[in-house]
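**Student:** Have a look at the structure that comes next, please.
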2 protein chains.
Amino acid sequence: MNRKELIEQIKQKRSFLCVGLDTDLQKVPRHLLAEEAPIFAFNKAIIDATAPYCVCYKPNLAFYEAAGVKGIVAFEKTVEYLKDNYPQHFIIADAKRGDIGNTSKMYARTFYVEYDVDALTVAPYMGEDSVTPFLEYEGKWVVLLALTSNKGSHDFQLTPAAANGADGVGERLFEKVMRVSQQWGNEDNMMYVVGATQGKMFQDIRRVAPRHFLLVPGVGAQGGSLEEVCQYGLTSDCGLLVNSSRGIIYASSGDDFAEAAQRASQELQTQMASILSAAGL
Amino acid sequence: MNRKELIEQIKQKRSFLCVGLDTDLQKVPRHLLAEEAPIFAFNKAIIDATAPYCVCYKPNLAFYEAAGVKGIVAFEKTVEYLKDNYPQHFIIADAKRGDIGNTSKMYARTFYVEYDVDALTVAPYMGEDSVTPFLEYEGKWVVLLALTSNKGSHDFQLTPAAANGADGVGERLFEKVMRVSQQWGNEDNMMYVVGATQGKMFQDIRRVAPRHFLLVPGVGAQGGSLEEVCQYGLTSDCGLLVNSSRGIIYASSGDDFAEAAQRASQELQTQMASILSAAGL
C-alpha cells in the first residue's frame with residue numbers, strides 16, 4: 001500500500017489506529033485452546049471485531065515464533081486472512097530485523113515477497129547496508145526504530161553526539177538515525193517508531209521528520225497518552241499510526257473477548273475521529 | 001554451556017572456530033534438492049564434516065525463515081541433530097532479536113527453552129529492558145552487537161558521545177554499549193559481536209571488555225584477517241569465537257561440498273592451533 005492510499009484510508013475510516021496482534025497462547029480464552037489453530041482463531045475473531053475501527057494490523061513475530069512451527073503457520077494464515085478479507089488494511093510485521101546486507105536481503109524477501117506484508121519494523125544499529133535491502137520493494141515500507149516506548153530507550157537512543165562536523169552537532173542518537181536514514185529512504189517508503197510514552201519528544205521528532213509517518217506504540221498498557229502524541233505528532237496528512245495491542249486484544253479474557261476488543265477499538269477510533277476533525281482532516 | 005566448559009573445548013580442540021550455517025536453498029548443491037529436507041541434509045553433511053575442527057555452530061535465522069515453515073523445521077532439526085550427536089559444540093542462534101521487555105521475554109523463552117540453544121545474538125538499540133530478559137537463563141548467553149563487520153557499522157556505532165558526565169566522555173556508541181551492558185550481564189553470560197573487518201579496533205574493544213568472549217564474523221567472504229583479530233583480540237582464555245560461514249559451507253558448490261567444507265575448516269583450525277600455541281594456550 002502506498003502513502004496516498006494509506007492517507008485515504010485514514011480519512012475514510014476517521015481512524016489511525018493500528019491493532020497489535022501480539023497473540024500469546026497463555027492469554028487466549030481457554031475455550032479457544034480446543035480449536036485446531038487457536039492463535040489463528042483468536043486473531044480472526046479480533047480482526048472481524050475491530051476491522052471497522054482501525055486501518056492497520058501489526059502482528060509481532062515474537063509471539064508467533066514462541067509457538068514454533070504452529071505459530072509460523074498461524075502468522076501466515078493471519079496475513080492471508082487479512083489480505084483476502086480486508087485488503088484495505090495496512091499490515092506491519094513487527095520483527096525488528098536488521099543484519100549485514102546479504103542477510104537483510106533474505107529477511108526482505110521473506111517478509112515482502114513470501115508473506116507479502118506492507119511493512120516491516122527494522123533496527124538501525126547496523127547502519128545503511130542493513131536497512132537498504134528492505135527499501136527495494138515497490139509499495140513496501142521500512143518502519144525504522146527511532147525513539148522506542150520502553151524504559152531502555154534512554155540507554156542509547158538519547159546519547160548526545162559530540163560536536164564533530166557541520167551536521168549533527170549535539171544531536172541525539174535517535175535524531176541522527178532519523179536524519180541519516182533520510183538519505184536511504186523517503187516519506188513514501190519509510191516510517192519511524194516513536195513510543196507514545198515519549199510525550200513532548202514528538203516536537204523534536206517532528207523537527208527532524210516533519211512529514212514521515214510515525215508508528216506509535218505505547219498507548220494503553222504502556223501508559224502513553226493519545227492526546228499528547230497527537231498534540232505534537234499530528235501532521236496535515238495525519239502522519240501517525242497509533243498502536244494498541246494488549247489494551248485491545250486482551251480487553252477481556254472471557255468468552256466476550258471479541259466484543260470487548262471491539263469496544264476498546266471503537267473507543268480509540270471515536271477519540272481519533274474527534275482529533276482528526278479538530279485538525280480539519 | 002558455561003564459560004569454563006567453552007574454554008575447555010577450545011583448548012582440547014585447538015580451535016576457536018564457529019561455523020556459520022547460513023544455508024541458502026539457492027546455493028545448496030542441486031542433487032540435495034531432491035531430498036525431502038534439503039536444508040537439513042546440507043547442514044547434517046556440513047556438521048559431520050566440520051565438527052572435529054570447530055567448537056561452535058551459528059545458524060542465522062534469516063536463512064531458515066526464508067524457507068517458511070520448512071525452514072523453521074530445518075532449523076529445529078539442525079539444533080536437535082547437534083545436541084544429540086555433538087553435545088560439546090556451542091550453538092549460537094544468530095537472530096539479532098531485541099524488543100520491549102514483555103516481547104524479549106517471549107523471544108528468550110523460544111530460543112533458550114524451546115530450541116535450547118546456548119546463545120542468541122541480540123541488538124542493543126532498545127536498551128536494558130530489551131536485553132535483560134535474555135540474561136535470566138542459567139548457562140545461556142547473550143551475544144550483543146557491538147561493532148559489526150559491515151560497512152554500515154560506521155553509520156551509528158562509531159558516533160562519539162558528547163562530553164556529558166564523568167563516565168563516557170568521548171566514547172563511541174559501540175564502547176558505550178559495551179560499558180553500559182556490563183551493568184546487566186557479565187563475562188559468564190555475555191559476549192559481544194565484533195567484526196573481523198574492524199582490525200586494530202580490537203585494541204579499543206579490549207580496553208572496554210578485557211575478558212569477555214567476542215564473536216567475530218567477517219573472516220573469509222567479508223575480508224577480515226584472522227591474524228589481526230588474534231593479535232589484538234586474543235586473551236589468556238582465548239576469548240574469541242571466530243566465525244566463517246560462506247568460506248566454509250560454500251567452499252564448493254559441487255557434490256564434494258562436504259569435503260571442501262572439511263578442508264576449509266581444517267585449514268582455519270590449523271592456523272588457530274598455531275596461534276593458540278604461540279600464545280601459550
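So you can find residues: chains in the C-alpha cells are A, B, ... in the order shown, residues in each start at 1, and ligands are numbered from 1 in order.
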Would you kindly return, as a PyMOL selection string, each protein, DNA or RNA residue with an atom no farther than 12 Å from any atom of segment 50-53 of chain A, considering only C-alpha atoms and excluding same-chain residues fewer than 2 positions away?
**Tutor:** chain A and resi 9-21+43-48+55-57+82+85-90+244-245+248-249+257-273
**Student:** Hey, what's within 8 Å of Ser104 of chain B if we count only C-alpha atoms and toss same-chain stuff fewer than 3 positions away? As a ChimeraX atom specification, please?
**Tutor:** /A:62 /B:97-101,107-108,130-131,133-134
**Student:** Based on the selection just made, write C-alpha atoms of those residues as an mmCIF file, in the first residue's frame.
**Tutor:**
```
data_model
loop_
_atom_site.group_PDB
_atom_site.id
_atom_site.type_symbol
_atom_site.label_atom_id
_atom_site.label_comp_id
_atom_site.auth_asym_id
_atom_site.auth_seq_id
_atom_site.Cartn_x
_atom_site.Cartn_y
_atom_site.Cartn_z
ATOM 1 C CA ALA A 62 7.952 -12.891 18.821
ATOM 2 C CA ARG B 97 16.446 -10.037 18.329
ATOM 3 C CA GLY B 98 15.545 -7.314 20.829
ATOM 4 C CA ASP B 99 12.208 -5.704 21.718
ATOM 5 C CA ILE B 100 10.400 -4.245 24.733
ATOM 6 C CA GLY B 101 10.778 -6.401 27.863
ATOM 7 C CA TYR B 107 11.986 -14.499 22.274
ATOM 8 C CA ALA B 108 14.141 -15.651 25.198
ATOM 9 C CA SER B 130 15.219 -5.291 25.792
ATOM 10 C CA VAL B 131 18.366 -7.248 26.718
ATOM 11 C CA PRO B 133 15.175 -10.928 29.658
ATOM 12 C CA PHE B 134 17.801 -12.874 27.701
#
```
**Student:** Which one of A:Asp204, A:Asp22, A:Asp129, A:Glu175 sits closest to chain B if you count only C-alpha atoms?
**Tutor:** A:Asp129
**Student:** Within 10 Å of segment 222-224 of chain A, counting only C-alpha atoms, which residues qualify if same-chain residues fewer than 6 places away don't, as a list in words?
**Tutor:**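 That gives Ser149, Asn150, Gly195, Ala196, Thr197, Gln198, Gly199, Val216, Ser244, Ser245, Arg246 and Gly247 of chain A.
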**Student:** Would you save the residues from that selection as a short mmCIF file (atom, residue, chain, number, x, y, z; two decimals), in the first residue's frame, using C-alpha atoms?
**Tutor:**
```
data_model
loop_
_atom_site.label_atom_id
_atom_site.label_comp_id
_atom_site.auth_asym_id
_atom_site.auth_seq_id
_atom_site.Cartn_x
_atom_site.Cartn_y
_atom_site.Cartn_z
CA SER A 149 8.42 3.29 24.06
CA ASN A 150 10.36 1.34 26.68
CA GLY A 195 6.85 5.50 21.56
CA ALA A 196 3.70 7.19 22.85
CA THR A 197 5.45 7.30 26.23
CA GLN A 198 7.89 9.90 24.87
CA GLY A 199 5.38 12.80 25.19
CA VAL A 216 3.43 4.93 17.77
CA SER A 244 -2.59 -0.59 20.85
CA SER A 245 -2.01 -4.28 21.46
CA ARG A 246 -2.80 -5.58 24.93
CA GLY A 247 -5.35 -2.81 25.63
#
```
**Student:** Looking only at alpha helix (DSSP H) from DSSP on the backbone, list the matching residues of segment 12-230 of chain A as number ranges by chain.
**Tutor:** A: 12-13, 38-50, 61-65, 68-85, 101-108, 128-131, 153-156, 173-181, 201-208, 226-230
**Student:** Please, what distance in Å, to one decimal, runs between atom CA of Leu276 of chain A and atom CA of Val79 of chain A?
**Tutor:** 28.4 Å
**Student:** Segment 35-39 of chain A: which residues within 7 Å, counting only C-alpha atoms, same-chain residues fewer than 4 positions away excluded, as a PyMOL selection string?
**Tutor:** chain A and resi 23+25+43+74
**Student:** Based on the selection just made, write N, CA and C atoms of those residues as a PDB file, in the first residue's frame.
**Tutor:**
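This is the output file result_23.pdb:
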```pdb
ATOM      1  N   THR A  23      -0.408 -12.094  19.955  1.00  0.00           N
ATOM      2  CA  THR A  23      -1.257 -13.159  20.475  1.00  0.00           C
ATOM      3  C   THR A  23      -0.442 -14.208  21.225  1.00  0.00           C
ATOM      4  N   LEU A  25      -0.535 -17.541  23.549  1.00  0.00           N
ATOM      5  CA  LEU A  25      -1.399 -18.688  23.874  1.00  0.00           C
ATOM      6  C   LEU A  25      -1.771 -18.754  25.353  1.00  0.00           C
ATOM      7  N   ASN A  43      -7.067 -14.550  16.455  1.00  0.00           N
ATOM      8  CA  ASN A  43      -6.807 -13.409  15.565  1.00  0.00           C
ATOM      9  C   ASN A  43      -7.998 -13.107  14.662  1.00  0.00           C
ATOM     10  N   ALA A  74       0.258 -19.944  11.961  1.00  0.00           N
ATOM     11  CA  ALA A  74      -0.779 -19.004  12.410  1.00  0.00           C
ATOM     12  C   ALA A  74      -0.506 -17.600  11.874  1.00  0.00           C
TER      13      ALA A  74
END
```
**Student:** Compare A:Asp155, A:Asp116, A:Asp94, A:Glu5 by their minimum atom-to-atom distance to chain B, counting only C-alpha atoms, and give me the closest one.
**Tutor:** A:Asp155
**Student:** Kindly give the distance, in Å, that separates atom CA of Tyr125 of chain B and atom CA of Val208 of chain A, rounded to a single decimal.
**Tutor:** 19.1 Å
**Student:** Please identify all polymer residues within 8 Å of segment 118-120 of chain B, counting only C-alpha atoms, omitting same-chain residues fewer than 4 positions from it, and present them as a PDB file with C-alpha atoms, in the first residue's frame.
**Tutor:**
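Dumped to around21.pdb:
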```pdb
ATOM      1  CA  MET B   1      27.311 -24.425  28.184  1.00  0.00           C
ATOM      2  CA  PHE B  90      28.274 -24.429  21.469  1.00  0.00           C
ATOM      3  CA  ILE B  91      25.205 -23.300  19.469  1.00  0.00           C
ATOM      4  CA  ILE B  92      24.509 -19.646  18.712  1.00  0.00           C
ATOM      5  CA  ALA B  93      21.185 -18.726  17.121  1.00  0.00           C
ATOM      6  CA  ASP B  94      22.043 -15.657  15.071  1.00  0.00           C
ATOM      7  CA  ALA B  95      18.742 -13.825  15.093  1.00  0.00           C
ATOM      8  CA  LYS B  96      19.628 -10.301  16.285  1.00  0.00           C
ATOM      9  CA  ARG B  97      16.446 -10.037  18.329  1.00  0.00           C
ATOM     10  CA  PHE B 111      15.374 -19.697  21.868  1.00  0.00           C
ATOM     11  CA  TYR B 112      16.578 -20.840  25.282  1.00  0.00           C
ATOM     12  CA  GLY B 139      24.112 -21.378  31.251  1.00  0.00           C
ATOM     13  CA  LYS B 140      22.688 -19.276  28.393  1.00  0.00           C
ATOM     14  CA  TRP B 141      24.376 -16.347  26.729  1.00  0.00           C
ATOM     15  CA  VAL B 142      23.550 -13.028  25.119  1.00  0.00           C
ATOM     16  CA  VAL B 143      25.804 -12.160  22.196  1.00  0.00           C
TER      17      VAL B 143
END
```
**Student:** What's around Leu173 of chain B at 6 Å? Count only C-alpha atoms, leave out sequence neighbours fewer than 4 positions away in its own chain, and write the answer as a PDB file with N, CA and C atoms, in the first residue's frame.
**Tutor:**
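The resulting part.pdb:
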```pdb
ATOM      1  N   GLN B 157      27.498   3.196  14.994  1.00  0.00           N
ATOM      2  CA  GLN B 157      28.282   2.560  16.060  1.00  0.00           C
ATOM      3  C   GLN B 157      29.528   3.359  16.421  1.00  0.00           C
ATOM      4  N   LEU B 158      30.027   4.162  15.478  1.00  0.00           N
ATOM      5  CA  LEU B 158      31.243   4.943  15.741  1.00  0.00           C
ATOM      6  C   LEU B 158      30.957   6.380  16.175  1.00  0.00           C
ATOM      7  N   THR B 159      29.688   6.728  16.318  1.00  0.00           N
ATOM      8  CA  THR B 159      29.327   8.084  16.723  1.00  0.00           C
ATOM      9  C   THR B 159      29.921   8.401  18.092  1.00  0.00           C
TER      10      THR B 159
END
```
**Student:** At what distance in Å, to one decimal, does atom CA of Phe202 of chain A lie from atom CA of Leu215 of chain A?
**Tutor:** 11.9 Å
**Student:** Based on DSSP run over this structure's backbone, return all residues of segment 33-150 of chain A in strand (DSSP E), as a ChimeraX atom specification.
**Tutor:** /A:56-59,90-97,119-122,141-147
**Student:** Write out as a ChimeraX atom specification which residues come within 10 Å of Gln182 of chain B when counting only C-alpha atoms, dropping same-chain ones fewer than 4 positions away.
**Tutor:** /B:176-178,186-187,190,208-209,212
**Student:** Return the single residue from B:Ile7, B:Arg211, B:Leu144, B:Met106 that is closest to Phe63 of chain A, with distances computed using only C-alpha atoms.
**Tutor:**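 Going through B:Ile7, B:Arg211, B:Leu144, B:Met106 one by one, the smallest distance to Phe63 of chain A is for B:Met106.
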**Student:** Nearest to Asp188 of chain B: which of B:Ala221, B:Phe174, B:Glu138, B:Asn60 is it, counting only C-alpha atoms?
**Tutor:**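 Once distances to Asp188 of chain B are computed over only C-alpha atoms, the minimum belongs to B:Glu138.
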**Student:** So which one's closest to chain A, B:Ala279, B:Cys238, B:Ala123, B:Met191? Using only C-alpha atoms, please.
**Tutor:**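 Smallest separation from chain A among the options: B:Ala123.
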